[in-house]
Amino acid sequence: MLYFILRLFSSLPLAALQVIGAGVGLVVYLSSSRYRARLNGNHLSAAIFSGFKSTPWRVAAESGMIFADTLWIWRHPQSAVNKSRIDNVDQIVELSKNGKGLIVLASHLGGFEIVPRIFAEHMKATVMYRPARKVWVNKLMLKSRRHSQMEFVEANLGGVRKIKHALIKGEVIGILADQVPSVGDGIWAKFFNQYAYTTSFPIKLARQANVATLFVSAERLGLGKGWVIKTRLMNSEYPVGMVEACTLMNHYFEEMIVSKPRQYMWSYNRYKRPHGAEVSPIG
C-alpha cells in the first residue's frame with residue numbers, strides 16, 4: 001500500500017510534491033522528540049561553529065523536501081535532468097576521459113539523488129550505495145535508478161572490487177561519502193567541529209589509483225525549478241595521516257554545505273558510534 005501511495009505522490013508536479021514534503025518534514029519534526037533533538041543539536045552546533053544562522057524549522061521543512069526531490073527524480077528521471085544544470089561540465093567531461101578515472105564524492109545535500117544521473121548523461125559511472133533495510137524500498141530504489149550508463153554496487157566486498165575495477169578502466173565512480181561507515185572502514189575525524197566516524201575508503205582509492213577527486217553538491221533552486229550541480233576539484237593530495245586526510249575530506253563537504261545549510265540532512269545521525277567501534281576522541 002505504501003508503495004502505491006509513494007507512486008501516486010511522485011506523479012504530482014515537482015513544486016506541489018516539494019510543498020507536501022515540507023509539510024511532512026514539519027509534522028515529523030513536531031511529532032518525534034528524538035528526531036527533533038538530533039536535528040536541532042547537529043544544526044545548531046554547526047551553525048555556531050561556521051557562523052550561519054540557525055533555522056531549525058526551515059531545516060525540518062527542507063529535509064522533507066529532500067525526500068520529495070528523491071521521489072520525483074525517481075519517477076521523472078529525464079524531466080529531472082532537464083531541470084538541472086551542472087557547473088564546469090566541460091572540465092568534468094575532460095577529466096573523465098583522461099584514462100585515469102575520477103572519484104566523485106557527494107553528501108546528503110538538496111537533490112543529491114540527481115547527481116549520478118547527471119553524470120551518466122556525459123559518461124559511464126559506477127556508484128556505491130547502501131541498501132535500504134526494507135526489501136521493497138531497495139527494489140524501488142534500484143528500479144528507479146536504472147540507467148544504461150550507471151551501475152549501482154552495494155557497499156560490500158563485491159562492490160569494492162567493482163569500484164576498483166572501474167577506476168582501473170579509467171571510469172568515473174561515485175560515493176555518498178558522508179554516511180557512517182561500518183566498523184573498520186572508518187576514522188574518527190572532525191565534521192563541523194564534532195568527531196564523526198568518517199569513511200576512509202575514498203582516500204584509499206585516491207592514493208592507490210592516483211586519481212583526481214571531485215566534490216559535488218546538488219543545491220535545490222526555487223519551488224519546482226530543479227537543481228544546480230556545483231563542483232569543486234580537490235587541488236592537493238591528501239595528507240599522509242588518515243585522521244588528517246579524513247578531516248580534509250570533511251572540510252570540503254563543510255564548505256559546500258555552508259553554501260546552503262538549510263538543505264543539508266541535519267537529522268541524519270552523523271555522529272553516532274557504530275557498534276564495535278572505538279570510542280571517539282574527546283574534544
# chains A, B, ... in the order shown; residues from 1 in each chain; ligands from 1

$ closest_atom_pairs --of "range 81-128 of chain A" --to "range 200-209 of chain A" --cutoff "12 Å" --atoms "only C-alpha atoms" --output "CSV"
residue,atom,partner,partner_atom,distance
A:Gly99,CA,A:Ala209,CA,11.4
A:Lys100,CA,A:Ala209,CA,7.8
A:Gly101,CA,A:Ala209,CA,8.4
A:Leu102,CA,A:Ala206,CA,8.8
A:Ile103,CA,A:Ala206,CA,7.4
A:Val104,CA,A:Pro202,CA,9.1
A:Leu105,CA,A:Pro202,CA,8.1
A:Ala106,CA,A:Pro202,CA,11.2
A:Met128,CA,A:Pro202,CA,11.0

$ write_last_selection --atoms "C-alpha atoms" --output "PDB file, in the first residue's frame"
ATOM      1  CA  GLY A  99      42.018   7.432 -18.905  1.00  0.00           C
ATOM      2  CA  LYS A 100      42.852   7.716 -15.192  1.00  0.00           C
ATOM      3  CA  GLY A 101      39.326   7.648 -13.794  1.00  0.00           C
ATOM      4  CA  LEU A 102      37.624  10.104 -11.479  1.00  0.00           C
ATOM      5  CA  ILE A 103      36.292   9.867  -7.903  1.00  0.00           C
ATOM      6  CA  VAL A 104      33.085  11.854  -7.355  1.00  0.00           C
ATOM      7  CA  LEU A 105      32.049  12.456  -3.734  1.00  0.00           C
ATOM      8  CA  ALA A 106      28.642  13.792  -2.664  1.00  0.00           C
ATOM      9  CA  MET A 128      28.363   2.700  -4.492  1.00  0.00           C
TER      10      MET A 128
END

$ closest_atom_pairs --of "range 127-221 of chain A" --to "range 244-262 of chain A" --cutoff "6 Å" --atoms "only C-alpha atoms" --output "Markdown table"
| residue | atom | partner | partner_atom | distance |
| --- | --- | --- | --- | --- |
| A:Ala189 | CA | A:Thr247 | CA | 5.2 |
| A:Lys190 | CA | A:Thr247 | CA | 5.6 |
| A:Phe191 | CA | A:Asn250 | CA | 5.7 |

$ write_last_selection --atoms "C-alpha atoms" --output "mmCIF file, in the first residue's frame"
data_model
loop_
_atom_site.group_PDB
_atom_site.id
_atom_site.type_symbol
_atom_site.label_atom_id
_atom_site.label_comp_id
_atom_site.auth_asym_id
_atom_site.auth_seq_id
_atom_site.Cartn_x
_atom_site.Cartn_y
_atom_site.Cartn_z
ATOM 1 C CA ALA A 189 37.596 12.911 12.238
ATOM 2 C CA LYS A 190 36.121 16.350 12.845
ATOM 3 C CA PHE A 191 32.997 17.336 10.903
#

$ residues_around --residues "Lys83 in chain A" --least-positions-apart "2" --cutoff "12 Å" --atoms "only C-alpha atoms" --output "list in words"
Leu14, Asp69, Trp72, Ile73, His76, Pro77, Gln78, Ser79, Ala80, Val81, Arg85, Ile86, Gly111, Ile114, Ile118, Ala218, Glu219, Arg220, Leu221, Gly222, Leu223, Gly224, Lys225, Gly226, Trp227, Val228 and Ile229 of chain A

$ residues_around --residues "Tyr197 in chain A" --least-positions-apart "2" --cutoff "6 Å" --atoms "only C-alpha atoms" --output "list in words"
Val180, Gly186, Ile187 and Trp188 of chain A

$ closest_residue --among "A:Thr231, A:Gln194, A:Ser217, A:Ser10" --to "Pro281 in chain A" --atoms "only C-alpha atoms"
A:Gln194

$ residues_around --residues "range 22-38 of chain A" --least-positions-apart "2" --cutoff "9 Å" --atoms "only C-alpha atoms" --output "number ranges by chain"
A: 17-20, 40-43, 56-68, 266-269

$ closest_residue --among "A:Thr213, A:Ser182, A:Gln263, A:Thr199" --to "Asn235 in chain A" --atoms "only C-alpha atoms"
A:Thr213

$ closest_residue --among "A:Arg145, A:His122, A:Arg133, A:His108" --to "Arg75 in chain A" --atoms "only C-alpha atoms"
A:Arg145

$ select_by_dssp --residues "range 11-209 of chain A" --states "helix (DSSP H, G or I)" --output "JSON, numbers by chain"
{"A": [14, 15, 16, 17, 18, 19, 20, 21, 22, 23, 24, 25, 26, 27, 28, 29, 30, 31, 33, 34, 35, 36, 37, 38, 39, 40, 41, 42, 43, 44, 45, 46, 47, 48, 49, 50, 56, 57, 58, 59, 60, 61, 62, 63, 64, 65, 66, 67, 68, 69, 70, 71, 72, 73, 74, 75, 77, 78, 79, 80, 81, 82, 89, 90, 91, 92, 93, 94, 95, 96, 112, 113, 114, 115, 116, 117, 118, 119, 120, 135, 136, 137, 138, 139, 140, 141, 142, 143, 144, 145, 157, 158, 159, 160, 161, 162, 163, 164, 165, 166, 167, 168, 201, 202, 203, 204, 205, 206, 207, 208, 209]}

$ write_last_selection --atoms "C-alpha atoms" --output "short mmCIF file (atom, residue, chain, number, x, y, z; two decimals), in the first residue's frame"
data_model
loop_
_atom_site.label_atom_id
_atom_site.label_comp_id
_atom_site.auth_asym_id
_atom_site.auth_seq_id
_atom_site.Cartn_x
_atom_site.Cartn_y
_atom_site.Cartn_z
CA LEU A 14 7.65 18.92 -8.55
CA ALA A 15 6.56 22.14 -6.83
CA ALA A 16 3.45 20.51 -5.35
CA LEU A 17 5.43 17.50 -4.16
CA GLN A 18 8.05 19.74 -2.54
CA VAL A 19 5.34 21.66 -0.65
CA ILE A 20 3.86 18.38 0.59
CA GLY A 21 7.35 17.18 1.51
CA ALA A 22 7.95 20.34 3.52
CA GLY A 23 4.71 19.76 5.40
CA VAL A 24 5.62 16.15 6.14
CA GLY A 25 9.04 17.29 7.34
CA LEU A 26 7.45 19.70 9.80
CA VAL A 27 5.00 17.08 11.05
CA VAL A 28 7.83 14.62 11.72
CA TYR A 29 9.81 17.39 13.44
CA LEU A 30 6.88 18.19 15.76
CA SER A 31 5.85 14.61 16.47
CA SER A 33 11.23 14.35 20.05
CA ARG A 34 14.18 12.12 19.14
CA TYR A 35 14.24 13.35 15.54
CA ARG A 36 13.81 16.96 16.68
CA ALA A 37 16.62 16.74 19.23
CA ARG A 38 19.07 15.27 16.72
CA LEU A 39 18.23 17.81 14.02
CA ASN A 40 18.40 20.72 16.47
CA GLY A 41 21.66 19.56 18.03
CA ASN A 42 23.51 18.87 14.78
CA HIS A 43 22.25 22.02 13.07
CA LEU A 44 22.86 24.39 15.99
CA SER A 45 26.36 23.05 16.67
CA ALA A 46 27.34 23.53 13.02
CA ALA A 47 25.72 26.98 12.90
CA ILE A 48 27.71 28.15 15.92
CA PHE A 49 30.94 26.72 14.51
CA SER A 50 30.51 28.01 10.95
CA PRO A 56 15.62 24.54 12.65
CA TRP A 57 12.05 24.92 11.40
CA ARG A 58 13.23 25.74 7.90
CA VAL A 59 15.69 22.85 8.04
CA ALA A 60 12.89 20.46 9.07
CA ALA A 61 10.79 21.61 6.12
CA GLU A 62 13.65 21.31 3.64
CA SER A 63 14.54 17.87 4.99
CA GLY A 64 11.08 16.82 3.90
CA MET A 65 11.80 18.37 0.52
CA ILE A 66 14.84 16.10 0.17
CA PHE A 67 12.50 13.12 0.37
CA ALA A 68 10.15 14.77 -2.14
CA ASP A 69 13.04 15.52 -4.51
CA THR A 70 14.13 11.90 -4.40
CA LEU A 71 10.67 10.56 -5.20
CA TRP A 72 10.22 12.97 -8.11
CA ILE A 73 13.68 12.28 -9.56
CA TRP A 74 13.00 8.54 -9.41
CA ARG A 75 9.62 8.92 -11.13
CA PRO A 77 14.36 10.98 -14.38
CA GLN A 78 14.59 12.74 -17.74
CA SER A 79 12.49 15.70 -16.59
CA ALA A 80 14.73 15.95 -13.53
CA VAL A 81 17.81 16.05 -15.75
CA ASN A 82 16.17 18.76 -17.84
CA VAL A 89 30.73 20.42 -17.19
CA ASP A 90 33.43 20.68 -19.89
CA GLN A 91 36.18 20.34 -17.28
CA ILE A 92 34.47 17.31 -15.77
CA VAL A 93 34.00 15.58 -19.12
CA GLU A 94 37.66 16.21 -19.91
CA LEU A 95 38.70 14.74 -16.56
CA SER A 96 36.54 11.68 -17.15
CA PHE A 112 21.67 14.63 -4.22
CA GLU A 113 19.80 11.80 -5.98
CA ILE A 114 20.12 13.65 -9.31
CA VAL A 115 23.94 13.70 -9.19
CA PRO A 116 24.70 10.23 -10.63
CA ARG A 117 22.06 10.64 -13.34
CA ILE A 118 23.54 13.98 -14.41
CA PHE A 119 26.98 12.43 -14.68
CA ALA A 120 25.56 9.46 -16.59
CA VAL A 135 13.33 -5.08 0.67
CA TRP A 136 10.56 -3.28 -1.24
CA VAL A 137 12.27 0.09 -0.74
CA ASN A 138 15.53 -1.34 -2.05
CA LYS A 139 13.78 -2.79 -5.12
CA LEU A 140 12.07 0.55 -5.79
CA MET A 141 15.37 2.39 -5.41
CA LEU A 142 17.25 0.12 -7.81
CA LYS A 143 14.44 0.12 -10.36
CA SER A 144 14.18 3.92 -10.25
CA ARG A 145 17.92 4.39 -10.60
CA LEU A 157 33.40 -6.56 -0.61
CA GLY A 158 31.94 -7.29 -4.04
CA GLY A 159 31.07 -3.63 -4.51
CA VAL A 160 34.57 -2.56 -3.52
CA ARG A 161 36.04 -4.86 -6.17
CA LYS A 162 33.76 -3.40 -8.85
CA ILE A 163 34.61 0.16 -7.82
CA LYS A 164 38.34 -0.56 -8.04
CA HIS A 165 37.91 -2.31 -11.39
CA ALA A 166 36.01 0.71 -12.76
CA LEU A 167 38.85 3.02 -11.74
CA ILE A 168 41.42 0.70 -13.31
CA PHE A 201 37.58 4.36 1.52
CA PRO A 202 37.66 7.31 -0.95
CA ILE A 203 41.06 8.36 0.37
CA LYS A 204 42.50 4.87 0.00
CA LEU A 205 41.11 4.72 -3.54
CA ALA A 206 42.62 8.07 -4.49
CA ARG A 207 46.03 7.00 -3.19
CA GLN A 208 46.03 3.58 -4.80
CA ALA A 209 44.81 4.74 -8.21
#

$ closest_residue --among "A:Gly276, A:Ser54, A:Phe152, A:Leu12" --to "Val183 in chain A" --atoms "only C-alpha atoms"
A:Gly276

$ closest_residue --among "A:Asn156, A:Lys124, A:Phe192, A:Val279" --to "Lys169 in chain A" --atoms "only C-alpha atoms"
A:Lys124

$ atom_distance --atom1 "CA of Ser236 in chain A" --atom2 "CA of Arg270 in chain A"
25.9 Å

$ closest_residue --among "A:Phe215, A:Asn210, A:Met123, A:Asp185" --to "Met242 in chain A" --atoms "only C-alpha atoms"
A:Asp185
